[in-house]
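Colleague: To be precise about what I am sending: the file is called upload.txt and holds compact mmCIF, C-alpha atoms.
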```
# COMPACT_ATOMS: atom_id res chain seq x y z
CA MET Z 1 -36.62 -55.61 -51.08
CA LYS Z 2 -39.30 -58.29 -51.27
CA TRP Z 3 -41.64 -55.74 -52.78
CA ALA Z 4 -39.08 -54.82 -55.43
CA THR Z 5 -38.37 -58.46 -56.29
CA GLY Z 6 -42.07 -59.22 -56.64
CA ARG Z 7 -42.61 -56.20 -58.86
CA LEU Z 8 -39.62 -57.17 -61.00
CA TYR Z 9 -40.97 -60.71 -61.34
CA ARG Z 10 -44.42 -59.49 -62.37
CA ASN Z 11 -42.96 -57.12 -65.00
CA ARG Z 12 -40.05 -59.26 -66.05
CA LYS Z 13 -40.90 -59.24 -69.78
CA PRO Z 14 -39.61 -55.70 -70.50
CA PHE Z 15 -36.53 -56.47 -68.41
CA LEU Z 16 -35.96 -59.66 -70.38
CA ILE Z 17 -36.26 -57.81 -73.70
CA ILE Z 18 -34.05 -54.93 -72.68
CA GLY Z 19 -31.58 -57.25 -70.95
CA GLY Z 20 -31.36 -59.54 -73.96
CA LEU Z 21 -30.80 -56.71 -76.41
CA VAL Z 22 -28.25 -54.97 -74.16
CA VAL Z 23 -26.25 -58.18 -73.65
CA SER Z 24 -26.36 -58.88 -77.39
CA LEU Z 25 -25.12 -55.42 -78.27
CA LEU Z 26 -22.43 -55.58 -75.61
CA LEU Z 27 -21.23 -58.85 -77.06
CA PHE Z 28 -21.23 -57.27 -80.51
CA ALA Z 29 -19.15 -54.39 -79.22
CA LEU Z 30 -16.41 -56.68 -77.90
CA GLN Z 31 -13.04 -57.13 -79.63
CA LEU Z 32 -12.65 -60.22 -81.80
CA ASP Z 33 -10.39 -62.04 -79.33
CA GLN Z 34 -12.85 -61.29 -76.54
CA LYS Z 35 -15.70 -62.59 -78.71
CA ALA Z 36 -13.70 -65.73 -79.39
CA PHE Z 37 -13.12 -66.11 -75.65
CA VAL Z 38 -16.89 -65.94 -75.04
CA ALA Z 39 -17.77 -68.20 -77.98
CA ARG Z 40 -15.18 -70.91 -77.23
CA PRO Z 41 -16.94 -72.57 -74.25
CA LEU Z 42 -20.22 -72.59 -76.14
CA GLN Z 43 -18.49 -74.12 -79.16
CA GLU Z 44 -16.81 -76.77 -77.04
CA VAL Z 45 -20.01 -77.76 -75.24
CA PHE Z 46 -22.48 -77.59 -78.09
CA TYR Z 47 -20.60 -77.78 -81.39
CA THR Z 48 -17.59 -80.04 -80.84
CA PRO Z 49 -19.59 -83.33 -80.78
CA PHE Z 50 -21.30 -82.44 -84.06
CA TRP Z 51 -18.10 -81.18 -85.68
CA SER Z 52 -16.51 -84.46 -84.75
CA ILE Z 53 -19.45 -86.42 -86.23
CA SER Z 54 -19.51 -84.14 -89.26
CA ASN Z 55 -15.77 -84.64 -89.86
CA LYS Z 56 -16.18 -88.40 -89.55
CA LEU Z 57 -19.15 -88.36 -91.93
CA THR Z 58 -17.23 -86.25 -94.42
CA ALA Z 59 -14.31 -88.66 -94.18
CA LEU Z 60 -16.71 -91.57 -94.66
CA VAL Z 61 -18.26 -89.91 -97.71
CA ASN Z 62 -14.77 -89.24 -99.10
CA VAL Z 63 -13.79 -92.86 -98.53
CA TYR Z 64 -17.00 -93.99 -100.26
CA ASN Z 65 -16.39 -91.66 -103.22
CA ASN Z 66 -12.76 -92.77 -103.46
CA ASN Z 67 -13.88 -96.37 -103.27
CA MET Z 68 -16.38 -95.87 -106.09
CA ALA Z 69 -13.76 -94.10 -108.20
CA LEU Z 70 -11.24 -96.87 -107.54
CA LYS Z 71 -13.80 -99.55 -108.39
CA SER Z 72 -14.56 -97.83 -111.64
CA GLU Z 73 -10.83 -97.48 -112.34
CA ASN Z 74 -10.35 -101.13 -111.45
CA VAL Z 75 -13.01 -102.23 -113.95
CA ARG Z 76 -11.43 -100.01 -116.61
CA LEU Z 77 -7.97 -101.40 -115.90
CA LYS Z 78 -9.26 -104.97 -115.91
CA PHE Z 79 -10.84 -104.36 -119.28
CA GLU Z 80 -7.66 -102.70 -120.53
CA ARG Z 81 -5.57 -105.58 -119.22
CA MET Z 82 -7.89 -108.05 -120.93
CA THR Z 83 -7.53 -106.11 -124.19
CA PHE Z 84 -3.74 -106.04 -123.82
CA GLU Z 85 -3.73 -109.76 -123.10
CA GLN Z 86 -5.82 -110.41 -126.22
CA ASN Z 87 -3.49 -108.23 -128.26
CA ARG Z 88 -0.46 -110.02 -126.81
CA LEU Z 89 -1.87 -113.43 -127.71
CA GLU Z 90 -2.87 -112.19 -131.15
CA ASN Z 91 0.58 -110.76 -131.64
CA GLN Z 92 2.11 -114.04 -130.52
CA ARG Z 93 -0.06 -116.01 -132.95
CA PHE Z 94 0.82 -113.71 -135.85
CA ARG Z 95 4.52 -113.93 -135.00
CA GLU Z 96 4.21 -117.71 -134.97
CA MET Z 97 2.46 -117.63 -138.34
CA LEU Z 98 5.16 -115.40 -139.79
CA ARG Z 99 7.84 -117.68 -138.39
CA LEU Z 100 6.19 -120.79 -139.83
CA LEU Z 101 5.29 -119.24 -143.14
CA PRO Z 102 8.31 -117.36 -144.43
CA ARG Z 103 7.06 -117.19 -148.01
CA PRO Z 104 8.75 -114.44 -149.97
CA ASP Z 105 6.39 -114.88 -152.93
CA PHE Z 106 3.27 -114.35 -150.80
CA LYS Z 107 1.94 -111.41 -148.91
CA LEU Z 108 0.38 -112.49 -145.64
CA ILE Z 109 -2.77 -110.51 -144.85
CA PRO Z 110 -3.82 -110.79 -141.18
CA ALA Z 111 -7.52 -111.30 -140.59
CA ASP Z 112 -9.89 -111.94 -137.69
CA VAL Z 113 -12.52 -114.64 -137.64
CA ILE Z 114 -15.74 -112.78 -136.95
CA ALA Z 115 -18.35 -115.56 -137.39
CA HIS Z 116 -18.81 -119.28 -137.91
CA ASP Z 117 -21.38 -121.12 -139.94
CA GLN Z 118 -22.47 -123.47 -137.21
CA GLY Z 119 -25.49 -124.68 -139.15
CA ARG Z 120 -23.22 -126.46 -141.60
CA ARG Z 121 -20.93 -128.37 -139.29
CA TRP Z 122 -18.29 -125.67 -139.10
CA SER Z 123 -17.91 -125.80 -142.86
CA SER Z 124 -17.26 -122.08 -143.26
CA ALA Z 125 -16.12 -119.03 -141.35
CA ILE Z 126 -16.38 -115.30 -141.96
CA ILE Z 127 -13.18 -113.29 -141.68
CA ARG Z 128 -12.40 -109.60 -141.81
CA ALA Z 129 -9.10 -108.03 -142.84
CA ASN Z 130 -7.88 -104.49 -143.29
CA GLU Z 131 -7.10 -105.12 -146.97
CA TYR Z 132 -9.00 -106.33 -149.99
CA ILE Z 133 -9.20 -110.14 -150.08
CA ASP Z 134 -9.51 -112.02 -153.38
CA GLN Z 135 -11.45 -115.22 -153.96
CA PHE Z 136 -9.70 -118.65 -153.81
CA LEU Z 137 -6.76 -117.44 -151.73
CA PRO Z 138 -5.40 -119.93 -149.15
CA VAL Z 139 -6.05 -119.23 -145.50
CA VAL Z 140 -3.68 -120.45 -142.80
CA ASP Z 141 -3.05 -120.03 -139.11
CA GLU Z 142 0.02 -120.71 -136.98
CA LYS Z 143 -0.71 -124.47 -137.00
CA GLY Z 144 -1.39 -125.03 -140.66
CA LEU Z 145 -3.90 -124.87 -143.47
CA VAL Z 146 -7.34 -123.57 -142.58
CA GLY Z 147 -9.12 -123.41 -145.94
CA LYS Z 148 -9.63 -121.11 -148.90
CA ILE Z 149 -11.58 -117.96 -149.63
CA ALA Z 150 -14.93 -119.04 -151.09
CA SER Z 151 -16.34 -115.57 -151.64
CA SER Z 152 -15.32 -112.02 -150.83
CA THR Z 153 -17.08 -108.70 -150.50
CA GLY Z 154 -13.86 -106.72 -150.14
CA THR Z 155 -12.38 -106.85 -146.69
CA VAL Z 156 -14.92 -109.40 -145.43
CA ALA Z 157 -14.78 -112.88 -146.87
CA THR Z 158 -16.18 -116.37 -146.40
CA VAL Z 159 -13.63 -119.11 -145.88
CA SER Z 160 -14.43 -122.70 -146.91
CA LEU Z 161 -12.84 -124.62 -144.09
CA LEU Z 162 -10.72 -127.72 -144.65
CA ILE Z 163 -13.18 -129.82 -142.65
CA GLY Z 164 -16.10 -128.74 -144.87
CA PRO Z 165 -17.31 -130.42 -148.09
CA ASN Z 166 -16.33 -127.47 -150.31
CA CYS Z 167 -12.58 -127.61 -149.77
CA ARG Z 168 -10.23 -130.19 -151.24
CA VAL Z 169 -6.46 -130.02 -151.10
CA ALA Z 170 -3.91 -131.80 -153.24
CA SER Z 171 -1.54 -133.23 -150.62
CA ARG Z 172 1.30 -135.58 -150.03
CA ASP Z 173 2.81 -137.61 -147.23
CA ASN Z 174 5.84 -135.60 -146.18
CA GLN Z 175 7.77 -138.74 -145.26
CA THR Z 176 6.90 -141.15 -148.10
CA ARG Z 177 5.98 -138.45 -150.69
CA THR Z 178 2.77 -140.35 -151.49
CA LEU Z 179 0.18 -138.13 -153.17
CA GLY Z 180 -3.51 -137.86 -152.37
CA ILE Z 181 -6.46 -135.50 -152.04
CA ILE Z 182 -7.52 -134.21 -148.66
CA LYS Z 183 -11.30 -134.09 -148.38
CA TRP Z 184 -13.84 -133.95 -145.63
CA ASN Z 185 -14.78 -137.05 -143.76
CA THR Z 186 -18.26 -137.86 -142.54
CA GLY Z 187 -16.79 -138.98 -139.25
CA ARG Z 188 -13.95 -137.52 -137.23
CA GLY Z 189 -10.94 -135.95 -138.99
CA LEU Z 190 -10.19 -135.69 -142.71
CA LEU Z 191 -9.75 -138.24 -145.44
CA LEU Z 192 -6.63 -138.59 -147.61
CA ASP Z 193 -8.28 -139.91 -150.74
CA GLY Z 194 -6.70 -141.58 -153.77
CA VAL Z 195 -3.87 -143.41 -152.00
CA ALA Z 196 -3.35 -146.70 -153.80
CA VAL Z 197 -2.96 -149.82 -151.65
CA GLU Z 198 0.59 -150.28 -152.90
CA ASN Z 199 1.62 -146.72 -151.78
CA ASP Z 200 3.11 -146.25 -148.33
CA VAL Z 201 1.37 -144.10 -145.75
CA PHE Z 202 1.96 -144.73 -142.09
CA PRO Z 203 0.24 -143.47 -138.96
CA GLY Z 204 2.12 -140.47 -137.56
CA ASP Z 205 3.24 -139.21 -140.98
CA THR Z 206 2.75 -135.51 -141.61
CA ILE Z 207 0.55 -134.52 -144.53
CA ILE Z 208 1.37 -131.33 -146.40
CA SER Z 209 -0.10 -129.58 -149.43
CA SER Z 210 1.55 -130.72 -152.66
CA GLY Z 211 0.99 -127.51 -154.62
CA MET Z 212 -0.55 -129.44 -157.49
CA GLY Z 213 -4.10 -128.19 -157.33
CA GLY Z 214 -3.06 -124.63 -158.15
CA VAL Z 215 -4.91 -123.10 -155.21
CA PHE Z 216 -2.64 -124.01 -152.30
CA PRO Z 217 1.12 -123.56 -152.48
CA GLU Z 218 3.34 -126.50 -151.66
CA GLY Z 219 4.39 -127.30 -148.13
CA LEU Z 220 1.48 -126.07 -146.03
CA THR Z 221 0.97 -128.43 -143.12
CA VAL Z 222 -2.43 -130.10 -143.11
CA GLY Z 223 -2.41 -132.78 -140.46
CA VAL Z 224 -1.03 -136.04 -139.23
CA VAL Z 225 -2.01 -139.55 -140.31
CA ALA Z 226 -4.21 -140.98 -137.58
CA LYS Z 227 -5.29 -144.29 -139.05
CA VAL Z 228 -4.63 -146.34 -142.21
CA ASP Z 229 -7.06 -149.08 -143.28
CA THR Z 230 -6.12 -151.39 -146.12
CA ILE Z 231 -8.94 -153.55 -147.46
CA PRO Z 232 -7.62 -156.22 -149.90
CA THR Z 233 -10.65 -155.93 -152.18
CA GLU Z 234 -10.39 -152.14 -152.46
CA VAL Z 235 -8.12 -150.20 -154.86
CA PHE Z 236 -7.43 -147.35 -152.42
CA LYS Z 237 -6.44 -147.21 -148.79
CA ARG Z 238 -8.66 -145.45 -146.29
CA VAL Z 239 -6.36 -142.89 -144.63
CA ILE Z 240 -7.76 -140.78 -141.78
CA ILE Z 241 -5.96 -137.51 -141.08
CA GLU Z 242 -6.12 -135.55 -137.85
CA PRO Z 243 -5.86 -131.86 -138.87
CA PHE Z 244 -3.34 -129.64 -137.08
CA VAL Z 245 -5.70 -126.69 -136.98
CA ASP Z 246 -8.20 -126.54 -134.14
CA PHE Z 247 -11.26 -125.46 -136.13
CA GLY Z 248 -13.25 -124.97 -132.98
CA ALA Z 249 -10.85 -122.28 -131.76
CA LEU Z 250 -10.13 -120.23 -134.86
CA ASP Z 251 -9.37 -116.63 -134.00
CA ASN Z 252 -6.67 -114.97 -136.09
CA VAL Z 253 -5.70 -116.21 -139.52
CA MET Z 254 -3.52 -115.14 -142.44
CA VAL Z 255 -4.68 -114.89 -146.01
CA MET Z 256 -1.86 -115.77 -148.45
CA LYS Z 257 -1.93 -113.36 -151.35
CA PRO Z 258 0.52 -114.14 -154.21
CA LEU Z 259 2.82 -111.21 -154.98
CA ARG Z 260 3.28 -112.00 -158.71
CA GLY Z 261 0.03 -112.63 -160.56
CA SER Z 262 -2.51 -115.20 -159.59
CA PHE Z 263 -1.28 -118.37 -158.04
CA GLY Z 264 -4.56 -120.22 -158.18
CA ASN Z 265 -7.59 -120.16 -160.40
CA MET L 266 -36.10 -77.81 -62.94
CA VAL L 267 -33.99 -80.79 -64.05
CA ILE L 268 -36.52 -81.59 -66.77
CA ARG L 269 -36.42 -77.95 -67.92
CA ILE L 270 -32.63 -78.04 -68.15
CA PHE L 271 -32.78 -81.36 -69.95
CA LYS L 272 -35.35 -79.97 -72.41
CA PHE L 273 -33.20 -76.89 -73.00
CA LEU L 274 -30.07 -78.98 -73.59
CA LEU L 275 -32.03 -81.13 -76.02
CA LEU L 276 -33.16 -78.01 -77.85
CA ALA L 277 -29.63 -76.59 -77.81
CA TYR L 278 -28.21 -79.76 -79.34
CA LEU L 279 -31.01 -79.81 -81.90
CA VAL L 280 -30.02 -76.26 -82.84
CA THR L 281 -26.32 -77.11 -83.12
CA PHE L 282 -27.18 -80.25 -85.07
CA SER L 283 -29.22 -78.14 -87.50
CA GLN L 284 -26.41 -75.60 -87.78
CA THR L 285 -23.70 -78.18 -88.48
CA ILE L 286 -24.69 -81.55 -89.92
CA LEU L 287 -28.18 -80.68 -91.21
CA SER L 288 -26.92 -77.49 -92.85
CA ASN L 289 -24.17 -79.43 -94.63
CA LEU L 290 -26.56 -82.16 -95.72
CA THR L 291 -29.20 -79.76 -97.05
CA SER L 292 -26.77 -77.31 -98.60
CA ILE L 293 -27.31 -76.75 -102.33
CA LEU L 294 -24.55 -74.86 -104.18
CA GLY L 295 -23.33 -73.48 -100.85
CA ILE L 296 -26.77 -72.20 -99.86
CA ALA L 297 -28.29 -73.75 -96.73
CA PRO L 298 -31.63 -72.97 -95.11
CA ASN L 299 -31.57 -70.70 -92.07
CA PHE L 300 -32.70 -73.23 -89.47
CA GLY L 301 -32.01 -70.66 -86.74
CA THR L 302 -34.93 -68.45 -87.80
CA ILE L 303 -37.28 -71.44 -88.08
CA ILE L 304 -36.37 -72.72 -84.60
CA ILE L 305 -36.58 -69.26 -83.00
CA LEU L 306 -39.97 -68.76 -84.61
CA LEU L 307 -41.21 -72.15 -83.42
CA ILE L 308 -40.07 -71.35 -79.86
CA ALA L 309 -41.76 -67.94 -79.94
CA LEU L 310 -45.00 -69.38 -81.32
CA ARG L 311 -45.17 -72.52 -79.22
CA THR L 312 -44.23 -71.30 -75.72
CA GLU L 313 -45.27 -68.57 -73.33
CA SER L 314 -43.37 -65.34 -73.85
CA GLN L 315 -41.89 -65.53 -70.32
CA VAL L 316 -40.19 -68.80 -71.32
CA ALA L 317 -39.82 -68.08 -75.02
CA LEU L 318 -37.72 -64.94 -74.59
CA PRO L 319 -34.88 -66.30 -72.44
CA THR L 320 -34.90 -69.57 -74.43
CA SER L 321 -34.75 -67.67 -77.73
CA PHE L 322 -31.92 -65.52 -76.42
CA ALA L 323 -29.93 -68.58 -75.33
CA VAL L 324 -30.58 -70.38 -78.61
CA ALA L 325 -29.64 -67.27 -80.59
CA LEU L 326 -26.41 -66.97 -78.58
CA ILE L 327 -25.56 -70.63 -79.23
CA ILE L 328 -26.19 -70.15 -82.96
CA ASP L 329 -24.05 -67.02 -82.92
CA ALA L 330 -21.17 -68.80 -81.17
CA LEU L 331 -20.57 -70.66 -84.41
CA ASN L 332 -19.16 -67.48 -85.92
CA PRO L 333 -17.42 -65.34 -83.25
CA GLU L 334 -16.83 -62.46 -85.70
CA THR L 335 -20.51 -61.52 -85.61
CA LEU L 336 -21.15 -62.65 -82.06
CA GLY L 337 -23.91 -60.51 -80.54
CA LEU L 338 -25.23 -59.20 -83.82
CA GLY L 339 -27.03 -62.42 -84.80
CA THR L 340 -28.17 -62.81 -81.20
CA ALA L 341 -29.66 -59.33 -81.18
CA VAL L 342 -31.43 -59.75 -84.52
CA ARG L 343 -32.77 -63.22 -83.72
CA PHE L 344 -33.81 -62.13 -80.25
CA ALA L 345 -35.62 -59.13 -81.77
CA ILE L 346 -37.43 -61.52 -84.14
CA ALA L 347 -38.43 -63.71 -81.19
CA VAL L 348 -39.73 -60.66 -79.30
CA ALA L 349 -41.67 -59.47 -82.35
CA ALA L 350 -43.14 -62.93 -83.02
CA SER L 351 -44.05 -63.29 -79.37
CA GLU L 352 -45.82 -59.91 -79.47
CA ILE L 353 -47.58 -60.59 -82.76
CA ARG L 354 -48.78 -63.93 -81.43
CA GLN L 355 -50.75 -62.14 -78.72
CA HIS L 356 -52.57 -59.90 -81.20
CA ILE L 357 -53.35 -62.06 -84.21
CA ASP L 358 -54.29 -65.69 -84.73
CA VAL L 359 -51.06 -67.41 -85.65
CA GLU L 360 -52.38 -70.94 -85.23
CA GLN L 361 -53.12 -71.04 -88.97
CA LEU L 362 -50.34 -72.18 -91.28
CA PRO L 363 -50.60 -69.20 -93.72
CA ALA L 364 -50.17 -66.75 -90.84
CA GLN L 365 -47.12 -68.67 -89.64
CA MET L 366 -45.70 -68.62 -93.16
CA TYR L 367 -46.16 -64.84 -93.42
CA LEU L 368 -44.41 -64.53 -90.09
CA LEU L 369 -41.57 -66.76 -91.27
CA ILE L 370 -41.10 -64.78 -94.50
CA GLY L 371 -41.20 -61.49 -92.58
CA SER L 372 -38.76 -62.78 -89.97
CA GLU L 373 -36.29 -64.07 -92.55
CA VAL L 374 -36.48 -60.84 -94.59
CA CYS L 375 -35.86 -58.84 -91.39
CA PHE L 376 -33.03 -61.12 -90.34
CA GLN L 377 -31.27 -61.06 -93.69
CA THR L 378 -31.71 -57.30 -94.09
CA LEU L 379 -30.70 -56.31 -90.57
CA PHE L 380 -27.92 -58.85 -90.20
CA GLN L 381 -26.29 -58.17 -93.57
CA ALA L 382 -26.74 -54.39 -93.25
CA LEU L 383 -25.13 -54.30 -89.80
CA ALA L 384 -22.47 -56.89 -90.63
CA ASN L 385 -21.43 -54.91 -93.73
CA SER L 386 -21.71 -51.49 -92.05
CA PHE L 387 -24.44 -50.38 -94.49
CA ASP L 388 -22.09 -50.58 -97.48
CA PHE L 389 -24.85 -50.76 -100.08
CA GLY L 390 -22.55 -51.86 -102.90
CA THR L 391 -21.49 -55.01 -101.07
CA LEU L 392 -24.91 -55.34 -99.48
CA SER L 393 -26.83 -55.55 -102.77
CA LYS L 394 -24.37 -58.14 -104.10
CA ILE L 395 -24.62 -60.27 -100.93
CA TYR L 396 -28.38 -59.83 -100.86
CA LEU L 397 -28.77 -61.14 -104.41
CA GLU L 398 -26.19 -63.93 -104.20
CA VAL L 399 -26.69 -65.19 -100.64
CA SER L 400 -29.64 -63.65 -98.81
CA LEU L 401 -32.30 -64.09 -101.49
CA PRO L 402 -31.52 -67.79 -102.22
CA THR L 403 -31.25 -68.45 -98.46
CA LEU L 404 -34.60 -66.71 -97.95
CA VAL L 405 -36.31 -68.84 -100.60
CA TYR L 406 -34.73 -72.05 -99.33
CA THR L 407 -35.61 -71.20 -95.70
CA VAL L 408 -39.23 -70.50 -96.66
CA VAL L 409 -39.49 -73.84 -98.47
CA VAL L 410 -37.94 -75.80 -95.58
CA GLY L 411 -39.90 -73.70 -93.06
CA PHE L 412 -43.14 -74.55 -94.83
CA VAL L 413 -42.43 -78.26 -94.42
CA VAL L 414 -41.45 -77.87 -90.74
CA LEU L 415 -44.40 -75.61 -89.88
CA ALA L 416 -46.84 -77.84 -91.78
CA MET L 417 -45.61 -80.84 -89.82
CA ALA L 418 -45.87 -78.91 -86.56
CA ASP L 419 -49.38 -77.78 -87.57
CA LEU L 420 -50.41 -81.35 -88.35
CA GLU L 421 -49.03 -82.56 -85.03
CA PHE L 422 -50.92 -79.74 -83.28
CA LYS L 423 -54.20 -80.68 -85.01
CA ILE L 424 -53.76 -84.34 -84.13
CA GLU L 425 -53.10 -83.40 -80.52
CA VAL L 426 -56.22 -81.19 -80.44
CA LYS L 427 -58.31 -83.99 -81.92
CA ARG L 428 -56.87 -86.53 -79.50
CA ARG L 429 -57.75 -84.38 -76.54
CA GLY L 430 -61.21 -83.73 -77.97
CA LEU L 431 -60.71 -79.96 -78.04
CA GLY L 432 -61.44 -79.47 -81.72
```
Could you express the structure from this file as structure tokens?

Modeller:
Amino acid sequence: MKWATGRLYRNRKPFLIIGGLVVSLLLFALQLDQKAFVARPLQEVFYTPFWSISNKLTALVNVYNNNMALKSENVRLKFERMTFEQNRLENQRFREMLRLLPRPDFKLIPADVIAHDQGRRWSSAIIRANEYIDQFLPVVDEKGLVGKIASSTGTVATVSLLIGPNCRVASRDNQTRTLGIIKWNTGRGLLLDGVAVENDVFPGDTIISSGMGGVFPEGLTVGVVAKVDTIPTEVFKRVIIEPFVDFGALDNVMVMKPLRGSFGN
Amino acid sequence: MVIRIFKFLLLAYLVTFSQTILSNLTSILGIAPNFGTIIILLIALRTESQVALPTSFAVALIIDALNPETLGLGTAVRFAIAVAASEIRQHIDVEQLPAQMYLLIGSEVCFQTLFQALANSFDFGTLSKIYLEVSLPTLVYTVVVGFVVLAMADLEFKIEVKRRGLG
């Protein structure tokens, strides 16, 4: 017996080869359920930990991918929401303008302010509309008069703003009916020029366009009287007007196009 | 004995890791390298045949357990590769990387041919399709990955030789 065991040990290589191949082929010859029975313990000992890790990793990767997709969606939705909010505010402003300016003899052309001339103390702005814009047309927003079209290249035009030196408006005090000319002031606000010392203008009065210059129709709100200085030696009063329009926050405006012929020049 | 068992368990888990997580991570268009062949070859080349053969058989069986449908077939083919590599090792110098690469290519060709032929009952219509769509890309991918693994093993071997002053 000892002899046989020793001999087997010395020549174990052929036995290992034959044994291995025979066992393999026997396993291959088994029925599928029998194979599964043999494979199951091996799977449970060796594969289950890795399957568990693999499943967790896959879940983690899925969560990461979902997270990235949601982040991207979130950015898109934020941008969309921002656009909707802009559109809502724009819509609101235009509605306000239409409510304030129910002028049957004018067509109101909506336009966006696309640039400012900052080098010249906010004296002009560039606007763009979807329609052709003529020169010298009045420009308004929901608060009041903004200026007039100085030049146009079609749908893009330069607006001379009310606070600039190139825009003057024939105006009147809405309460006292006193006439004057709105022009730019070197300091803060606008100047109501040409108001004689004997004419009444009081702080808090609303100034509107008089319609006399030919460019601006009557009744467009310009501003409110902020200060009135009467100097006995002077012929005219010095009337400072605070404009209604916030020229630092111009966004959407309306160009007033007369429906029958030219209103202005 | 305990250290031997520990080493074998470590190897077994390395094999299962390569068959599960590593295969998934390295899979390109559903084609993963055949880590089984590379590991079997490394065992056959790096250990004495008396140890290499039972270890290769056990490793092949563990790899095969992943897919019970072909249980035994993969074991037989991989074990045959281990036997062949173990025999070849005794007759030619397989310490050089090119020789190991030839052995790897030969082993993988044998494995893919034998395994697919036996698994598909020599149905040459199906066989040619599987060979072109699965076996050939797997073979190429395995050779590329095998080259990296064997080169690293070769480098480690050379460093070890130099460290021991045997070179």

Colleague: I need the contact residues of chain Z against chain L, so if you could list those with any atom within 7 Å, counting only C-alpha atoms, and return them as number ranges by chain, that would help.

Modeller: Z: 13, 16, 20-21, 24-25, 27-28, 32, 35-36, 39, 42-43, 46-47, 50-51, 54

Colleague: Which residue is closest to Pro363 in chain L? Choose from L:Phe271, L:Phe422, L:Phe412, L:Phe300 and count all atoms listed in the file.

Modeller: L:Phe412

Colleague: Tell me which protein, DNA and RNA residues are within 10 Å of Ile395 in chain L, counting only C-alpha atoms, leaving out same-chain ones fewer than 3 positions away, and put them as a VMD selection string.

Modeller: chain L and resid 377 381 to 382 385 389 to 392 398 to 401

Colleague: Next, dump the selected residues to file, keeping only C-alpha atoms, as a short mmCIF file (atom, residue, chain, number, x, y, z; two decimals), keeping the file's coordinate frame.

Modeller:
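Below is the file selection20.cif, written as the result:
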```
data_model
loop_
_atom_site.label_atom_id
_atom_site.label_comp_id
_atom_site.auth_asym_id
_atom_site.auth_seq_id
_atom_site.Cartn_x
_atom_site.Cartn_y
_atom_site.Cartn_z
CA GLN L 377 -31.27 -61.06 -93.69
CA GLN L 381 -26.29 -58.17 -93.57
CA ALA L 382 -26.74 -54.39 -93.25
CA ASN L 385 -21.43 -54.91 -93.73
CA PHE L 389 -24.85 -50.76 -100.08
CA GLY L 390 -22.55 -51.86 -102.90
CA THR L 391 -21.49 -55.01 -101.07
CA LEU L 392 -24.91 -55.34 -99.48
CA GLU L 398 -26.19 -63.93 -104.20
CA VAL L 399 -26.69 -65.19 -100.64
CA SER L 400 -29.64 -63.65 -98.81
CA LEU L 401 -32.30 -64.09 -101.49
#
```

Colleague: Expressed in Å to a single decimal, how great is the separation between CA of Asp173 in chain Z and CA of Ile241 in chain Z?

Modeller: 10.7 Å

Colleague: Between L:Glu373, L:Asp388, L:Glu425, L:Glu313, which is the closest to Arg354 in chain L once you count all atoms listed in the file?

Modeller: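 Of L:Glu373, L:Asp388, L:Glu425, L:Glu313, the one nearest Arg354 in chain L, counting all atoms listed in the file, is L:Glu313.
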
Colleague: Skipping near chain neighbours, those fewer than 4 positions away, what residues fall within 10 Å of Pro402 in chain L using all atoms listed in the file, listed as a CSV table (one decimal) with C-alpha atoms, keeping the file's coordinate frame?

Modeller:
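The resulting file, out-v2.csv, is reproduced below:
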```csv
chain,number,residue,atom,x,y,z
L,293,ILE,CA,-27.3,-76.8,-102.3
L,296,ILE,CA,-26.8,-72.2,-99.9
L,297,ALA,CA,-28.3,-73.8,-96.7
L,298,PRO,CA,-31.6,-73.0,-95.1
L,396,TYR,CA,-28.4,-59.8,-100.9
L,397,LEU,CA,-28.8,-61.1,-104.4
L,398,GLU,CA,-26.2,-63.9,-104.2
L,406,TYR,CA,-34.7,-72.0,-99.3
L,407,THR,CA,-35.6,-71.2,-95.7
L,408,VAL,CA,-39.2,-70.5,-96.7
```

Colleague: Mind giving me the straight-line distance from CA of Met256 in chain Z to CA of Ser160 in chain Z in Å, one decimal?

Modeller: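 These atoms are spaced 14.4 Å apart.
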
Colleague: What lies within 10 Å of Asp229 in chain Z using only C-alpha atoms, ignoring chain neighbours under 5 positions off, as a PDB file with C-alpha atoms, in the coordinates of the input?

Modeller:
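After the write, out_36.pdb holds the following:
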```pdb
ATOM      1  CA  VAL Z 197      -2.960-149.820-151.650  1.00  0.00           C
ATOM      2  CA  PHE Z 236      -7.430-147.350-152.420  1.00  0.00           C
ATOM      3  CA  LYS Z 237      -6.440-147.210-148.790  1.00  0.00           C
ATOM      4  CA  ARG Z 238      -8.660-145.450-146.290  1.00  0.00           C
ATOM      5  CA  VAL Z 239      -6.360-142.890-144.630  1.00  0.00           C
ATOM      6  CA  ILE Z 240      -7.760-140.780-141.780  1.00  0.00           C
TER       7      ILE Z 240
END
```

Colleague: Could you pull out every residue with an atom within 7 Å of (-9.7, -105.0, -145.6), file coordinates, counting only C-alpha atoms, and send them as number ranges by chain?

Modeller: Z: 128-133, 154-156

Colleague: What is the CA of Ile181 in chain Z to CA of Val169 in chain Z distance in Å?

Modeller: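 Those two atoms sit 5.6 Å apart.
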
Colleague: Residues at most 10 Å from Val253 in chain Z, counting all atoms listed in the file, excluding those fewer than 3 positions away in the same chain, as a PyMOL selection string?

Modeller: chain Z and resi 90+93-94+97+108-113+127-129+139-146+250+256
